Structures are given as structure tokens and as C-alpha cells.
file target16.csv (CSV, C-alpha atoms)
chain,number,residue,atom,x,y,z
F,1,GLY,CA,-78.8,-39.8,25.3
F,2,ALA,CA,-77.0,-42.9,23.9
F,3,VAL,CA,-78.2,-44.3,20.6
F,4,VAL,CA,-79.3,-47.9,20.0
F,5,SER,CA,-80.2,-49.1,16.6
F,6,GLN,CA,-82.3,-52.1,15.5
F,7,HIS,CA,-82.6,-53.8,12.2
F,8,PRO,CA,-84.9,-54.5,10.5
F,9,SER,CA,-87.6,-52.2,11.7
F,10,ARG,CA,-90.3,-54.4,10.2
F,11,VAL,CA,-90.3,-57.9,8.9
F,12,ILE,CA,-93.0,-60.2,7.5
F,13,CYS,CA,-92.2,-63.9,7.2
F,14,LYS,CA,-93.9,-67.2,6.5
F,15,SER,CA,-94.7,-69.6,9.3
F,16,GLY,CA,-91.8,-72.0,10.0
F,17,THR,CA,-89.0,-69.6,8.9
F,18,SER,CA,-86.4,-68.0,11.1
F,19,VAL,CA,-85.9,-64.3,11.6
F,20,LYS,CA,-82.8,-62.5,12.9
F,21,ILE,CA,-83.0,-59.1,14.5
F,22,GLU,CA,-79.9,-57.1,15.2
F,23,CYS,CA,-79.4,-54.6,18.0
F,24,ARG,CA,-76.4,-52.2,18.0
F,25,SER,CA,-75.2,-49.6,20.5
F,26,LEU,CA,-73.9,-46.9,18.2
F,27,ASP,CA,-72.0,-44.6,20.5
F,28,PHE,CA,-71.2,-46.6,23.6
F,29,GLN,CA,-70.2,-50.1,24.6
F,30,ALA,CA,-72.9,-52.1,26.2
F,31,THR,CA,-71.9,-55.0,28.4
F,32,THR,CA,-75.5,-55.8,28.9
F,33,MET,CA,-78.3,-55.8,26.4
F,34,PHE,CA,-82.0,-56.8,26.9
F,35,TRP,CA,-84.7,-58.1,24.7
F,36,TYR,CA,-88.3,-57.2,25.2
F,37,ARG,CA,-91.5,-58.2,23.5
F,38,GLN,CA,-94.7,-56.1,23.5
F,39,PHE,CA,-98.1,-57.2,22.3
F,40,PRO,CA,-100.6,-54.5,21.3
F,41,LYS,CA,-101.9,-52.4,24.2
F,42,GLN,CA,-99.9,-54.5,26.6
F,43,SER,CA,-96.8,-53.6,28.7
F,44,LEU,CA,-93.2,-54.4,27.9
F,45,MET,CA,-92.2,-58.0,28.7
F,46,LEU,CA,-88.6,-58.8,29.3
F,47,MET,CA,-87.6,-61.9,27.4
F,48,ALA,CA,-83.9,-62.2,28.2
F,49,THR,CA,-80.8,-60.4,29.4
F,50,SER,CA,-77.7,-60.8,27.2
F,51,ASN,CA,-74.2,-60.3,28.4
F,52,GLU,CA,-71.3,-60.0,26.1
F,53,GLY,CA,-69.4,-63.2,25.7
F,54,SER,CA,-71.7,-65.3,27.8
F,55,LYS,CA,-75.0,-67.1,27.6
F,56,ALA,CA,-78.2,-65.1,27.8
F,57,THR,CA,-80.4,-65.3,30.8
F,58,TYR,CA,-84.0,-66.0,29.9
F,59,GLU,CA,-87.1,-65.0,31.8
F,60,GLN,CA,-89.5,-67.6,33.0
F,61,GLY,CA,-91.7,-68.9,30.2
F,62,VAL,CA,-89.4,-67.8,27.4
F,63,GLU,CA,-88.0,-70.7,25.3
F,64,LYS,CA,-84.3,-70.4,24.9
F,65,ASP,CA,-84.3,-72.8,22.0
F,66,LYS,CA,-86.9,-70.7,20.1
F,67,PHE,CA,-85.4,-67.3,20.8
F,68,LEU,CA,-81.7,-67.6,20.2
F,69,ILE,CA,-79.6,-64.7,21.5
F,70,ASN,CA,-76.1,-64.0,20.6
F,71,HIS,CA,-74.1,-61.1,22.1
F,72,ALA,CA,-70.9,-61.4,20.1
F,73,SER,CA,-69.4,-58.0,20.9
F,74,LEU,CA,-69.9,-55.0,23.2
F,75,THR,CA,-72.0,-53.3,20.5
F,76,LEU,CA,-74.0,-56.0,18.9
F,77,SER,CA,-76.6,-58.5,20.1
F,78,THR,CA,-78.9,-60.5,17.9
F,79,LEU,CA,-82.2,-62.3,18.5
F,80,THR,CA,-83.2,-65.1,16.2
F,81,VAL,CA,-86.8,-66.2,16.3
F,82,THR,CA,-86.6,-69.8,15.1
F,83,SER,CA,-89.5,-71.6,13.4
F,84,ALA,CA,-91.7,-68.6,13.8
F,85,HIS,CA,-95.4,-69.0,14.1
F,86,PRO,CA,-98.2,-66.4,13.9
F,87,GLU,CA,-98.4,-66.2,17.7
F,88,ASP,CA,-94.8,-64.9,17.6
F,89,SER,CA,-96.0,-61.8,15.8
F,90,SER,CA,-95.2,-58.9,18.1
F,91,PHE,CA,-93.1,-55.8,18.6
F,92,TYR,CA,-89.6,-56.8,19.6
F,93,ILE,CA,-87.5,-54.1,21.3
F,94,CYS,CA,-83.9,-54.3,22.4
F,95,SER,CA,-82.3,-52.2,25.0
F,96,ALA,CA,-78.7,-51.5,26.1
F,97,ARG,CA,-77.3,-50.5,29.4
F,98,THR,CA,-74.6,-47.8,30.0
F,99,SER,CA,-73.1,-47.7,33.4
F,100,ASP,CA,-76.4,-46.5,34.9
F,101,GLU,CA,-79.0,-45.8,32.3
F,102,GLN,CA,-80.9,-48.0,29.8
F,103,PHE,CA,-81.7,-47.0,26.3
F,104,PHE,CA,-84.1,-48.6,23.8
F,105,GLY,CA,-83.8,-49.4,20.2
F,106,PRO,CA,-86.6,-48.3,17.9
F,107,GLY,CA,-88.1,-51.8,17.8
F,108,THR,CA,-88.8,-54.5,15.2
F,109,ARG,CA,-92.4,-55.3,14.2
F,110,LEU,CA,-92.6,-59.0,13.3
F,111,THR,CA,-95.5,-60.4,11.4
F,112,VAL,CA,-95.7,-64.1,10.9
F,113,LEU,CA,-98.1,-65.2,8.2
U,1,GLN,CA,-96.2,-56.7,46.1
U,2,LYS,CA,-95.1,-55.6,42.7
U,3,GLU,CA,-91.6,-54.1,42.5
U,4,VAL,CA,-92.7,-51.0,40.6
U,5,GLU,CA,-96.3,-49.9,40.6
U,6,GLN,CA,-98.1,-47.4,38.5
U,7,ASN,CA,-101.8,-46.6,38.0
U,8,SER,CA,-102.5,-47.8,34.4
U,9,GLY,CA,-104.9,-44.9,33.7
U,10,PRO,CA,-105.9,-43.5,31.4
U,11,LEU,CA,-105.2,-40.2,33.1
U,12,SER,CA,-107.0,-37.4,31.2
U,13,VAL,CA,-105.7,-33.8,31.7
U,14,PRO,CA,-106.8,-30.6,29.9
U,15,GLU,CA,-104.3,-29.0,27.6
U,16,GLY,CA,-102.2,-26.4,29.5
U,17,ALA,CA,-102.8,-28.0,32.9
U,18,ILE,CA,-100.2,-29.9,35.0
U,19,ALA,CA,-100.1,-33.7,34.5
U,20,SER,CA,-99.0,-35.6,37.6
U,21,LEU,CA,-97.8,-39.2,37.2
U,22,ASN,CA,-97.0,-41.3,40.2
U,23,CYS,CA,-95.0,-44.5,40.9
U,24,THR,CA,-94.1,-46.5,44.0
U,25,TYR,CA,-91.4,-49.1,44.4
U,26,SER,CA,-90.8,-51.8,46.9
U,27,ASP,CA,-87.0,-52.1,47.1
U,28,ARG,CA,-86.0,-49.6,49.8
U,29,GLY,CA,-82.3,-49.8,48.7
U,30,SER,CA,-83.0,-48.6,45.2
U,31,GLN,CA,-80.8,-45.7,44.1
U,32,SER,CA,-81.7,-44.8,40.5
U,33,PHE,CA,-85.1,-43.8,39.1
U,34,PHE,CA,-86.2,-43.2,35.6
U,35,TRP,CA,-89.1,-42.0,33.5
U,36,TYR,CA,-89.7,-43.1,30.0
U,37,ARG,CA,-92.2,-42.0,27.5
U,38,GLN,CA,-93.7,-44.4,25.0
U,39,TYR,CA,-95.8,-43.3,22.1
U,40,SER,CA,-98.2,-45.8,20.6
U,41,GLY,CA,-96.3,-48.2,18.2
U,42,LYS,CA,-92.9,-46.8,19.2
U,43,SER,CA,-90.3,-47.9,21.7
U,44,PRO,CA,-89.7,-46.2,25.1
U,45,GLU,CA,-87.6,-43.0,25.2
U,46,LEU,CA,-85.8,-42.0,28.4
U,47,ILE,CA,-86.9,-38.5,29.4
U,48,MET,CA,-85.7,-38.1,33.0
U,49,SER,CA,-83.3,-39.7,35.5
U,50,ILE,CA,-83.3,-38.9,39.2
U,51,TYR,CA,-80.9,-40.2,41.9
U,52,SER,CA,-81.4,-38.1,45.0
U,53,ASN,CA,-84.3,-36.9,47.0
U,54,GLY,CA,-86.1,-33.8,45.9
U,55,ASP,CA,-87.0,-32.3,42.6
U,56,LYS,CA,-85.2,-32.3,39.3
U,57,GLU,CA,-86.4,-30.0,36.5
U,58,ASP,CA,-85.9,-30.3,32.8
U,59,GLY,CA,-88.0,-28.0,30.7
U,60,ARG,CA,-91.6,-28.7,31.3
U,61,PHE,CA,-90.8,-31.9,33.2
U,62,THR,CA,-90.1,-32.2,36.9
U,63,ALA,CA,-89.2,-35.5,38.5
U,64,GLN,CA,-89.8,-35.8,42.2
U,65,LEU,CA,-88.2,-38.4,44.5
U,66,ASN,CA,-89.0,-39.3,48.1
U,67,LYS,CA,-87.0,-42.3,49.1
U,68,ALA,CA,-88.5,-42.4,52.6
U,69,SER,CA,-91.9,-42.9,51.1
U,70,GLN,CA,-90.6,-45.0,48.2
U,71,TYR,CA,-92.3,-42.7,45.8
U,72,VAL,CA,-91.3,-41.1,42.5
U,73,SER,CA,-93.4,-38.8,40.4
U,74,LEU,CA,-93.3,-36.9,37.1
U,75,LEU,CA,-95.0,-33.6,36.6
U,76,ILE,CA,-95.6,-32.2,33.2
U,77,ARG,CA,-96.4,-28.5,33.1
U,78,ASP,CA,-98.3,-26.8,30.4
U,79,SER,CA,-99.5,-30.2,29.0
U,80,GLN,CA,-99.7,-30.4,25.3
U,81,PRO,CA,-101.6,-32.9,23.1
U,82,SER,CA,-98.1,-34.2,22.0
U,83,ASP,CA,-97.5,-35.3,25.6
U,84,SER,CA,-100.3,-38.0,25.2
U,85,ALA,CA,-98.4,-41.2,25.6
U,86,THR,CA,-97.7,-44.0,28.1
U,87,TYR,CA,-95.2,-43.1,30.8
U,88,LEU,CA,-93.1,-45.8,32.3
U,89,CYS,CA,-91.5,-45.5,35.7
U,90,ALA,CA,-88.3,-47.6,36.1
U,91,VAL,CA,-86.2,-48.3,39.2
U,92,ASN,CA,-82.7,-49.7,39.5
U,93,THR,CA,-83.0,-52.2,42.3
U,94,ASN,CA,-80.1,-52.5,44.6
U,95,ARG,CA,-80.5,-56.2,44.8
U,96,ASP,CA,-79.2,-57.3,41.4
U,97,ASP,CA,-78.5,-54.0,39.6
U,98,LYS,CA,-81.5,-54.6,37.3
U,99,ILE,CA,-83.7,-51.8,36.1
U,100,ILE,CA,-87.3,-52.9,36.7
U,101,PHE,CA,-90.1,-51.2,34.7
U,102,GLY,CA,-93.6,-50.4,35.8
U,103,LYS,CA,-96.5,-51.3,33.5
U,104,GLY,CA,-97.0,-47.6,32.6
U,105,THR,CA,-99.6,-45.0,32.9
U,106,ARG,CA,-101.5,-43.9,29.8
U,107,LEU,CA,-101.8,-40.1,29.7
U,108,HIS,CA,-104.3,-38.4,27.5
U,109,ILE,CA,-104.1,-34.6,27.1
U,110,LEU,CA,-107.5,-33.2,26.1
U,111,PRO,CA,-107.3,-30.4,23.5
call {"tool": "encode", "arguments": {"input": "target16.csv", "output": "C-alpha cells"}}
result
Amino acid sequence: GAVVSQHPSRVICKSGTSVKIECRSLDFQATTMFWYRQFPKQSLMLMATSNEGSKATYEQGVEKDKFLINHASLTLSTLTVTSAHPEDSSFYICSARTSDEQFFGPGTRLTVL
Amino acid sequence: QKEVEQNSGPLSVPEGAIASLNCTYSDRGSQSFFWYRQYSGKSPELIMSIYSNGDKEDGRFTAQLNKASQYVSLLIRDSQPSDSATYLCAVNTNRDDKIIFGKGTRLHILP
């Protein structure tokens, strides 16, 4: 299957700081990338859909000014968690679409102190 | 009605037996169906895709699709403890070309 990378895999930051997570499709071009969040023992929650060259579409209840998404190229999307707080601590997973299938990155575990 | 429904489990199956995971979906026009496996603390991994009615086999895994009943299943033969994971069913809805995920079924293979 197609490979999606994510960086960093783990980050610990202080409350009030911003964290940027990168998602790359390594062997294909992804016109659409997705960002998910998953809390322990809970299911995946779609946060936003990111299309190359256009604004991201956010799911209901997700603050677009807090979770900034940039999809600058067909292989790179970034999620910036601004002014992070402890309740933002979670497992953030990106995903990229080929023509028909969707592949996930390995995830980034964010801990906000 | 939820778009993709799965029993949350846990489903406990003895080692060596067949594990059967089921999923129903609401959009009758859906064309593409997927099964993902997610180990605890890891991200989901695509293990099977199926597009037409019937069975599709890949090693110990068989995906079954019945579009008339809006039902897709995953069979795991000769279950191993390493198969213990959460299995996510996903459906590409015809409506907006989005892949919708079920909440997953936790499978526990008993040694």
C-alpha cells in the first residue's frame, strides 16, 4: 500500500505553545488529506479535510483558528495546534487519499503539560 | 441511522478459530468498502478492499460483500493472538466521495 509519514511521532509541550505536525505522502500525490484525533479507548474523530491549494473543511465543533491546516503541495499537509492546552493532548493521525483508497500516517502523540 | 455501523465488542474468539466481523452501511449507492486493523496505540492499517459482491480472499482474511443487504464482513481464519486489535469498517459513500469509518469492533483472540 501507499506510504504516509508523519512527524514528529511524539511531542511534549507546555501549555500555551503551538505545535506543528507534518504529514507527507511518500510515494503518491494526495489531492486530499485528512486529519483525525483519537482519545484513549475512543474511536477516530475526523477533524478536517484538507485539499491541496484550498482552505480546509472543518468538522462541526472543530475550531479552525485553533487547528490550522495548510496543504501546500500534493505531498504535504501540516496541522498546527495553536495555544495548546492539556485538553488538546491526544493522538493525531493524518491520512491521505489515492484515487480510491485511504492510507494513514503513523500518528503523533501530543502531550500538553 | 449511522452511516457505518459495527458492534463495538469485544469479540472474543479462541486461537485457531474463525473470527467473523460484521458491518452494515446506510448509503445504498456505496461502491467501495474497506477493512482496517488498528492495534492499541497505533494508527489504522488498510488490510482489505472490496468493490463487488461476493468474497475476496487474501491469506487468512476473507472480505464478504452483499450490496443488496448493505452488509460487509471480514473473516479471519486460524485466528492468532496477534490478530487481537480493533477492526474498522469503512465505506466510500456515493454521495460525496467520502470514506466514512465505523467506530470499530474490538477483537480479542484467546490463547
call {"tool": "atom_distance", "arguments": {"input": "target16.csv", "atom1": "CA of Thr31 in chain F", "atom2": "CA of Asn70 in chain F"}}
result
12.6 Å
call {"tool": "closest_residue", "arguments": {"input": "target16.csv", "among": "F:Thr17, F:Thr57, F:Gln29, F:Ser43", "to": "chain U", "atoms": "all atoms listed in the file"}}
result
F:Ser43
call {"tool": "interface_residues", "arguments": {"input": "target16.csv", "of": "chain F", "to": "chain U", "cutoff": "10 Å", "atoms": "all atoms listed in the file", "output": "PyMOL selection string"}}
result
chain F and resi 1-2+38+40-46+49+91-95+97+100-109
call {"tool": "atom_distance", "arguments": {"input": "target16.csv", "atom1": "CA of His108 in chain U", "atom2": "CA of Val13 in chain U"}}
result
6.4 Å
call {"tool": "atom_distance", "arguments": {"input": "target16.csv", "atom1": "CA of Asp27 in chain F", "atom2": "CA of Val4 in chain F"}}
result
8.0 Å
call {"tool": "closest_residue", "arguments": {"input": "target16.csv", "among": "U:Ala68, U:Ala17, U:Leu74, U:Ala85", "to": "Arg37 in chain U", "atoms": "only C-alpha atoms"}}
result
U:Ala85
call {"tool": "closest_residue", "arguments": {"input": "target16.csv", "among": "F:Ala48, F:Pro86, F:Ser77, F:Thr111", "to": "Ile21 in chain F", "atoms": "only C-alpha atoms"}}
result
F:Ser77
call {"tool": "residues_around", "arguments": {"input": "target16.csv", "residues": "Arg60 in chain U", "least_positions_apart": "4", "cutoff": "9 Å", "atoms": "all atoms listed in the file", "output": "PDB file with C-alpha atoms, in the frame of the given file"}}
result
ATOM      1  CA  LEU U  75     -95.000 -33.600  36.600  1.00  0.00           C
ATOM      2  CA  ILE U  76     -95.600 -32.200  33.200  1.00  0.00           C
ATOM      3  CA  ARG U  77     -96.400 -28.500  33.100  1.00  0.00           C
ATOM      4  CA  ASP U  78     -98.300 -26.800  30.400  1.00  0.00           C
ATOM      5  CA  SER U  79     -99.500 -30.200  29.000  1.00  0.00           C
TER       6      SER U  79
END
call {"tool": "decode", "arguments": {"input": "target16.csv", "residues": "range 10-47 of chain F", "atoms": "N, CA, C and O atoms", "output": "PDB file, in the first residue's frame"}}
result
ATOM      1  N   ARG F  10       6.080  11.957  18.406  1.00  0.00           N
ATOM      2  CA  ARG F  10       5.686  12.240  19.786  1.00  0.00           C
ATOM      3  C   ARG F  10       6.176  13.639  20.125  1.00  0.00           C
ATOM      4  O   ARG F  10       7.283  14.017  19.750  1.00  0.00           O
ATOM      5  N   VAL F  11       5.346  14.411  20.793  1.00  0.00           N
ATOM      6  CA  VAL F  11       5.767  15.744  21.202  1.00  0.00           C
ATOM      7  C   VAL F  11       5.146  16.093  22.551  1.00  0.00           C
ATOM      8  O   VAL F  11       3.973  15.793  22.802  1.00  0.00           O
ATOM      9  N   ILE F  12       5.980  16.699  23.379  1.00  0.00           N
ATOM     10  CA  ILE F  12       5.522  17.191  24.680  1.00  0.00           C
ATOM     11  C   ILE F  12       5.763  18.694  24.692  1.00  0.00           C
ATOM     12  O   ILE F  12       6.862  19.132  24.354  1.00  0.00           O
ATOM     13  N   CYS F  13       4.754  19.454  25.032  1.00  0.00           N
ATOM     14  CA  CYS F  13       4.938  20.903  25.017  1.00  0.00           C
ATOM     15  C   CYS F  13       4.262  21.521  26.231  1.00  0.00           C
ATOM     16  O   CYS F  13       3.450  20.882  26.910  1.00  0.00           O
ATOM     17  N   LYS F  14       4.594  22.763  26.460  1.00  0.00           N
ATOM     18  CA  LYS F  14       3.992  23.491  27.579  1.00  0.00           C
ATOM     19  C   LYS F  14       2.682  24.123  27.127  1.00  0.00           C
ATOM     20  O   LYS F  14       2.521  24.486  25.955  1.00  0.00           O
ATOM     21  N   SER F  15       1.794  24.288  28.064  1.00  0.00           N
ATOM     22  CA  SER F  15       0.517  24.924  27.787  1.00  0.00           C
ATOM     23  C   SER F  15       0.744  26.326  27.223  1.00  0.00           C
ATOM     24  O   SER F  15       1.615  27.061  27.694  1.00  0.00           O
ATOM     25  N   GLY F  16       0.019  26.661  26.178  1.00  0.00           N
ATOM     26  CA  GLY F  16       0.135  27.981  25.572  1.00  0.00           C
ATOM     27  C   GLY F  16       1.041  28.034  24.350  1.00  0.00           C
ATOM     28  O   GLY F  16       1.014  29.020  23.600  1.00  0.00           O
ATOM     29  N   THR F  17       1.806  27.004  24.142  1.00  0.00           N
ATOM     30  CA  THR F  17       2.688  26.982  22.970  1.00  0.00           C
ATOM     31  C   THR F  17       1.958  26.370  21.777  1.00  0.00           C
ATOM     32  O   THR F  17       0.881  25.796  21.920  1.00  0.00           O
ATOM     33  N   SER F  18       2.559  26.511  20.606  1.00  0.00           N
ATOM     34  CA  SER F  18       1.979  25.953  19.379  1.00  0.00           C
ATOM     35  C   SER F  18       2.834  24.785  18.905  1.00  0.00           C
ATOM     36  O   SER F  18       4.049  24.779  19.071  1.00  0.00           O
ATOM     37  N   VAL F  19       2.174  23.829  18.317  1.00  0.00           N
ATOM     38  CA  VAL F  19       2.856  22.626  17.825  1.00  0.00           C
ATOM     39  C   VAL F  19       2.464  22.376  16.384  1.00  0.00           C
ATOM     40  O   VAL F  19       1.275  22.412  16.052  1.00  0.00           O
ATOM     41  N   LYS F  20       3.457  22.116  15.550  1.00  0.00           N
ATOM     42  CA  LYS F  20       3.178  21.815  14.138  1.00  0.00           C
ATOM     43  C   LYS F  20       3.461  20.345  13.855  1.00  0.00           C
ATOM     44  O   LYS F  20       4.513  19.818  14.235  1.00  0.00           O
ATOM     45  N   ILE F  21       2.513  19.709  13.189  1.00  0.00           N
ATOM     46  CA  ILE F  21       2.655  18.306  12.808  1.00  0.00           C
ATOM     47  C   ILE F  21       2.639  18.236  11.283  1.00  0.00           C
ATOM     48  O   ILE F  21       1.773  18.821  10.632  1.00  0.00           O
ATOM     49  N   GLU F  22       3.606  17.503  10.735  1.00  0.00           N
ATOM     50  CA  GLU F  22       3.699  17.366   9.275  1.00  0.00           C
ATOM     51  C   GLU F  22       3.219  16.000   8.829  1.00  0.00           C
ATOM     52  O   GLU F  22       3.485  14.990   9.471  1.00  0.00           O
ATOM     53  N   CYS F  23       2.553  15.984   7.688  1.00  0.00           N
ATOM     54  CA  CYS F  23       2.072  14.740   7.104  1.00  0.00           C
ATOM     55  C   CYS F  23       2.493  14.724   5.638  1.00  0.00           C
ATOM     56  O   CYS F  23       2.221  15.685   4.900  1.00  0.00           O
ATOM     57  N   ARG F  24       3.166  13.654   5.243  1.00  0.00           N
ATOM     58  CA  ARG F  24       3.642  13.558   3.863  1.00  0.00           C
ATOM     59  C   ARG F  24       3.209  12.243   3.223  1.00  0.00           C
ATOM     60  O   ARG F  24       3.295  11.184   3.857  1.00  0.00           O
ATOM     61  N   SER F  25       2.771  12.324   1.990  1.00  0.00           N
ATOM     62  CA  SER F  25       2.563  11.110   1.204  1.00  0.00           C
ATOM     63  C   SER F  25       3.867  10.866   0.451  1.00  0.00           C
ATOM     64  O   SER F  25       4.331  11.728  -0.290  1.00  0.00           O
ATOM     65  N   LEU F  26       4.475   9.702   0.684  1.00  0.00           N
ATOM     66  CA  LEU F  26       5.849   9.486   0.209  1.00  0.00           C
ATOM     67  C   LEU F  26       5.927   8.966  -1.227  1.00  0.00           C
ATOM     68  O   LEU F  26       6.888   9.247  -1.931  1.00  0.00           O
ATOM     69  N   ASP F  27       4.973   8.183  -1.641  1.00  0.00           N
ATOM     70  CA  ASP F  27       5.098   7.571  -2.962  1.00  0.00           C
ATOM     71  C   ASP F  27       3.877   7.808  -3.847  1.00  0.00           C
ATOM     72  O   ASP F  27       3.661   7.104  -4.823  1.00  0.00           O
ATOM     73  N   PHE F  28       3.100   8.807  -3.501  1.00  0.00           N
ATOM     74  CA  PHE F  28       1.974   9.171  -4.349  1.00  0.00           C
ATOM     75  C   PHE F  28       1.584  10.615  -4.060  1.00  0.00           C
ATOM     76  O   PHE F  28       1.973  11.188  -3.047  1.00  0.00           O
ATOM     77  N   GLN F  29       0.831  11.183  -4.956  1.00  0.00           N
ATOM     78  CA  GLN F  29       0.350  12.544  -4.763  1.00  0.00           C
ATOM     79  C   GLN F  29      -1.075  12.493  -4.224  1.00  0.00           C
ATOM     80  O   GLN F  29      -1.917  11.780  -4.767  1.00  0.00           O
ATOM     81  N   ALA F  30      -1.296  13.224  -3.163  1.00  0.00           N
ATOM     82  CA  ALA F  30      -2.596  13.172  -2.489  1.00  0.00           C
ATOM     83  C   ALA F  30      -3.301  14.510  -2.641  1.00  0.00           C
ATOM     84  O   ALA F  30      -2.894  15.502  -2.041  1.00  0.00           O
ATOM     85  N   THR F  31      -4.336  14.530  -3.423  1.00  0.00           N
ATOM     86  CA  THR F  31      -5.086  15.777  -3.553  1.00  0.00           C
ATOM     87  C   THR F  31      -5.880  16.056  -2.283  1.00  0.00           C
ATOM     88  O   THR F  31      -6.171  17.208  -1.983  1.00  0.00           O
ATOM     89  N   THR F  32      -6.189  15.020  -1.553  1.00  0.00           N
ATOM     90  CA  THR F  32      -6.952  15.201  -0.323  1.00  0.00           C
ATOM     91  C   THR F  32      -6.261  14.499   0.837  1.00  0.00           C
ATOM     92  O   THR F  32      -5.858  13.345   0.712  1.00  0.00           O
ATOM     93  N   MET F  33      -6.101  15.232   1.915  1.00  0.00           N
ATOM     94  CA  MET F  33      -5.569  14.661   3.148  1.00  0.00           C
ATOM     95  C   MET F  33      -6.557  14.946   4.270  1.00  0.00           C
ATOM     96  O   MET F  33      -7.331  15.921   4.199  1.00  0.00           O
ATOM     97  N   PHE F  34      -6.528  14.109   5.273  1.00  0.00           N
ATOM     98  CA  PHE F  34      -7.470  14.215   6.380  1.00  0.00           C
ATOM     99  C   PHE F  34      -6.694  14.256   7.684  1.00  0.00           C
ATOM    100  O   PHE F  34      -5.644  13.630   7.814  1.00  0.00           O
ATOM    101  N   TRP F  35      -7.248  14.947   8.661  1.00  0.00           N
ATOM    102  CA  TRP F  35      -6.681  14.953   9.998  1.00  0.00           C
ATOM    103  C   TRP F  35      -7.706  14.408  10.980  1.00  0.00           C
ATOM    104  O   TRP F  35      -8.858  14.846  11.009  1.00  0.00           O
ATOM    105  N   TYR F  36      -7.245  13.436  11.779  1.00  0.00           N
ATOM    106  CA  TYR F  36      -8.096  12.803  12.770  1.00  0.00           C
ATOM    107  C   TYR F  36      -7.480  13.011  14.151  1.00  0.00           C
ATOM    108  O   TYR F  36      -6.283  13.226  14.302  1.00  0.00           O
ATOM    109  N   ARG F  37      -8.330  12.867  15.147  1.00  0.00           N
ATOM    110  CA  ARG F  37      -7.868  12.878  16.537  1.00  0.00           C
ATOM    111  C   ARG F  37      -8.480  11.665  17.206  1.00  0.00           C
ATOM    112  O   ARG F  37      -9.633  11.286  16.899  1.00  0.00           O
ATOM    113  N   GLN F  38      -7.715  11.056  18.086  1.00  0.00           N
ATOM    114  CA  GLN F  38      -8.236   9.893  18.790  1.00  0.00           C
ATOM    115  C   GLN F  38      -7.818   9.957  20.250  1.00  0.00           C
ATOM    116  O   GLN F  38      -6.620   9.956  20.562  1.00  0.00           O
ATOM    117  N   PHE F  39      -8.797   9.992  21.135  1.00  0.00           N
ATOM    118  CA  PHE F  39      -8.544   9.937  22.570  1.00  0.00           C
ATOM    119  C   PHE F  39      -8.477   8.479  22.992  1.00  0.00           C
ATOM    120  O   PHE F  39      -9.016   7.600  22.289  1.00  0.00           O
ATOM    121  N   PRO F  40      -7.816   8.202  24.130  1.00  0.00           N
ATOM    122  CA  PRO F  40      -7.637   6.807  24.556  1.00  0.00           C
ATOM    123  C   PRO F  40      -8.949   6.045  24.616  1.00  0.00           C
ATOM    124  O   PRO F  40      -9.954   6.550  25.129  1.00  0.00           O
ATOM    125  N   LYS F  41      -8.948   4.867  24.046  1.00  0.00           N
ATOM    126  CA  LYS F  41     -10.072   3.937  24.047  1.00  0.00           C
ATOM    127  C   LYS F  41     -11.308   4.497  23.334  1.00  0.00           C
ATOM    128  O   LYS F  41     -12.412   3.994  23.542  1.00  0.00           O
ATOM    129  N   GLN F  42     -11.105   5.504  22.524  1.00  0.00           N
ATOM    130  CA  GLN F  42     -12.232   6.045  21.754  1.00  0.00           C
ATOM    131  C   GLN F  42     -11.964   5.869  20.264  1.00  0.00           C
ATOM    132  O   GLN F  42     -10.872   5.513  19.848  1.00  0.00           O
ATOM    133  N   SER F  43     -13.013   6.111  19.476  1.00  0.00           N
ATOM    134  CA  SER F  43     -12.871   5.911  18.043  1.00  0.00           C
ATOM    135  C   SER F  43     -12.241   7.136  17.386  1.00  0.00           C
ATOM    136  O   SER F  43     -12.108   8.198  17.985  1.00  0.00           O
ATOM    137  N   LEU F  44     -11.829   6.962  16.135  1.00  0.00           N
ATOM    138  CA  LEU F  44     -11.274   8.060  15.345  1.00  0.00           C
ATOM    139  C   LEU F  44     -12.296   9.172  15.207  1.00  0.00           C
ATOM    140  O   LEU F  44     -13.468   8.918  14.974  1.00  0.00           O
ATOM    141  N   MET F  45     -11.811  10.407  15.309  1.00  0.00           N
ATOM    142  CA  MET F  45     -12.699  11.545  15.065  1.00  0.00           C
ATOM    143  C   MET F  45     -12.108  12.390  13.954  1.00  0.00           C
ATOM    144  O   MET F  45     -11.000  12.910  14.104  1.00  0.00           O
ATOM    145  N   LEU F  46     -12.825  12.525  12.859  1.00  0.00           N
ATOM    146  CA  LEU F  46     -12.350  13.369  11.773  1.00  0.00           C
ATOM    147  C   LEU F  46     -12.408  14.826  12.209  1.00  0.00           C
ATOM    148  O   LEU F  46     -13.445  15.299  12.675  1.00  0.00           O
ATOM    149  N   MET F  47     -11.270  15.511  12.064  1.00  0.00           N
ATOM    150  CA  MET F  47     -11.223  16.925  12.422  1.00  0.00           C
ATOM    151  C   MET F  47     -11.454  17.796  11.195  1.00  0.00           C
ATOM    152  O   MET F  47     -12.202  18.770  11.241  1.00  0.00           O
TER     153      MET F  47
END
